[in-house]
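Asks: Shown below is the structure under consideration.
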Amino acid sequence: QVQLVESGGGLVQPGGSLRLSCAVSGRTFSSYAMCWFRQAPGKEREFVVAISWSGRNTYYTYSVKVRFTISRDNAKNTVYLQMNSLKPEDTAVYYCAAHSRPYYSGTYYNRPFEYDYWGQGTQVTVSS
């Protein structure tokens, strides 16, 4: 059974930082691309960032480029999202997800249906 468990969310002031983690079990983690989506109240789920299975390629939505960094540690079966210079508009539930195809080499990382396993989400609130 594949499980994704996110952690690291919380309340932070504007300009602050948080580091989210997503631990994966039940799958050969190193073979699959990983991503983070987020969903704010009343809005659709939005792609944030993805990392290829090899870790060599990353893809960011424009609004978080420079501020956020995705990384993966295959030895720990964990993907991370370092979020700096947080803004109130970053407030959302953040979900990690695992790509449905091993060794995916395409570019459609921002489509939710490309991912077949999702975590339960972790709340990030940016407020003073």
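Convention: chains lettered A, B, ... in structure tokens order; per-chain residue numbering from 1; ligands numbered from 1 as shown.
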What's the 10 Å shell around Cys96 (chain A), counting only C-alpha atoms, without same-chain residues fewer than 6 positions away, as a PyMOL selection string?
Replies: chain A and resi 4-6+20-24+34-38+48-50+79-81+115+117-122
Asks: How about saving the chosen residues, C-alpha atoms kept, as an mmCIF file, in the first residue's frame?
Replies:
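What landed in out-v6.cif:
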data_model
loop_
_atom_site.group_PDB
_atom_site.id
_atom_site.type_symbol
_atom_site.label_atom_id
_atom_site.label_comp_id
_atom_site.auth_asym_id
_atom_site.auth_seq_id
_atom_site.Cartn_x
_atom_site.Cartn_y
_atom_site.Cartn_z
ATOM 1 C CA LEU A 4 2.356 9.700 1.427
ATOM 2 C CA VAL A 5 2.555 11.596 4.685
ATOM 3 C CA GLU A 6 3.153 15.338 4.717
ATOM 4 C CA LEU A 20 7.428 20.796 4.209
ATOM 5 C CA SER A 21 8.279 17.106 4.075
ATOM 6 C CA CYS A 22 6.523 14.239 2.358
ATOM 7 C CA ALA A 23 7.529 10.720 3.338
ATOM 8 C CA VAL A 24 6.624 7.976 0.882
ATOM 9 C CA MET A 34 7.052 13.946 -7.185
ATOM 10 C CA CYS A 35 5.187 17.199 -6.893
ATOM 11 C CA TRP A 36 3.434 19.641 -4.606
ATOM 12 C CA PHE A 37 0.003 21.121 -5.251
ATOM 13 C CA ARG A 38 -1.899 23.514 -3.018
ATOM 14 C CA VAL A 48 3.184 24.462 -7.254
ATOM 15 C CA VAL A 49 6.308 22.525 -8.155
ATOM 16 C CA ALA A 50 7.540 19.136 -9.376
ATOM 17 C CA VAL A 79 10.552 14.952 -0.895
ATOM 18 C CA TYR A 80 10.919 18.424 0.587
ATOM 19 C CA LEU A 81 9.538 21.860 -0.140
ATOM 20 C CA TYR A 115 -0.396 11.615 -10.200
ATOM 21 C CA TYR A 117 -1.108 8.841 -5.001
ATOM 22 C CA TRP A 118 -1.691 11.879 -2.820
ATOM 23 C CA GLY A 119 -0.970 12.794 0.758
ATOM 24 C CA GLN A 120 -3.584 14.035 3.199
ATOM 25 C CA GLY A 121 -2.357 17.621 3.025
ATOM 26 C CA THR A 122 -0.736 19.996 5.485
#
Asks: Show me, as a tab-separated table, the residues of region 17-87 of chain A having an atom within 7 Å of region 103-112 of chain A, each with the closest atom pair and its distance in Å, using only C-alpha atoms.
Replies:
residue	atom	partner	partner_atom	distance
A:Ser31	CA	A:Tyr103	CA	5.5
A:Tyr32	CA	A:Tyr103	CA	5.9
A:Ala33	CA	A:Tyr104	CA	6.9
A:Phe47	CA	A:Asn110	CA	5.4
A:Ala50	CA	A:Tyr109	CA	6.3
A:Trp53	CA	A:Tyr103	CA	6.0
Asks: Residues of the last selection are to be written out with C-alpha atoms, as a compact mmCIF listing (two decimals), in the first residue's frame.
Replies:
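The result, stored in part-v2.txt:
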# COMPACT_ATOMS: atom_id res chain seq x y z
CA SER A 31 11.62 5.79 -9.79
CA TYR A 32 8.85 8.37 -9.64
CA ALA A 33 8.54 12.09 -10.12
CA PHE A 47 0.22 23.11 -9.19
CA ALA A 50 7.54 19.14 -9.38
CA TRP A 53 12.41 10.99 -10.81
Asks: Which residue, A:Tyr62, A:Ser25, A:Arg101, A:Phe113, has the smallest gap to Asn74 (chain A) when you use only C-alpha atoms?
Replies: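 That would be A:Ser25, the residue with the smallest distance to Asn74 (chain A).
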Asks: Please determine, counting only C-alpha atoms, which residue among A:Asn84, A:Thr58, A:Ser52, A:Ser100 has the shortest atom-to-atom distance to Val12 (chain A).
Replies: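 Of the candidates, the smallest distance to Val12 (chain A) is held by A:Asn84.
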Asks: Given only C-alpha atoms as the basis, pick out the residue of A:Glu46, A:Gln123, A:Leu18, A:Ser7 nearest to Thr91 (chain A).
Replies: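 Smallest separation from Thr91 (chain A) among the options: A:Gln123.
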Asks: For Lys76 (chain A), which residue out of A:Val2, A:Ser30, A:Gly9, A:Thr61 is the nearest one, using only C-alpha atoms?
Replies: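 Counting only C-alpha atoms, the residue closest to Lys76 (chain A) is A:Ser30.
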Asks: Mind pulling up the distance from CA of Ala92 (chain A) to CA of Thr125 (chain A)?
Replies: 6.6 Å
Asks: Mind pulling up the distance from CA of Gln39 (chain A) to CA of Gln1 (chain A)?
Replies: 25.2 Å
Asks: Of the candidates A:Ala98, A:Ile51, A:Val126, A:Leu86, which shows the shortest atom-to-atom distance to Val64 (chain A), using only C-alpha atoms?
Replies: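 Residue with the minimum atom-to-atom distance to Val64 (chain A): A:Leu86.
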Asks: Nearest residue to Ile70 (chain A) out of A:Thr28, A:Gly8, A:Arg19, A:His99, using only C-alpha atoms?
Replies: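 That would be A:Arg19, the residue with the smallest distance to Ile70 (chain A).
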Asks: For the structure I just gave you, how does DSSP split chain A - specifically, which residues are strand (DSSP E or B)? Reply as a ChimeraX atom specification.
Replies: /A:3-7,10-12,18-25,34-39,46-51,58-60,68-73,78-83,92-99,115-118,122-126
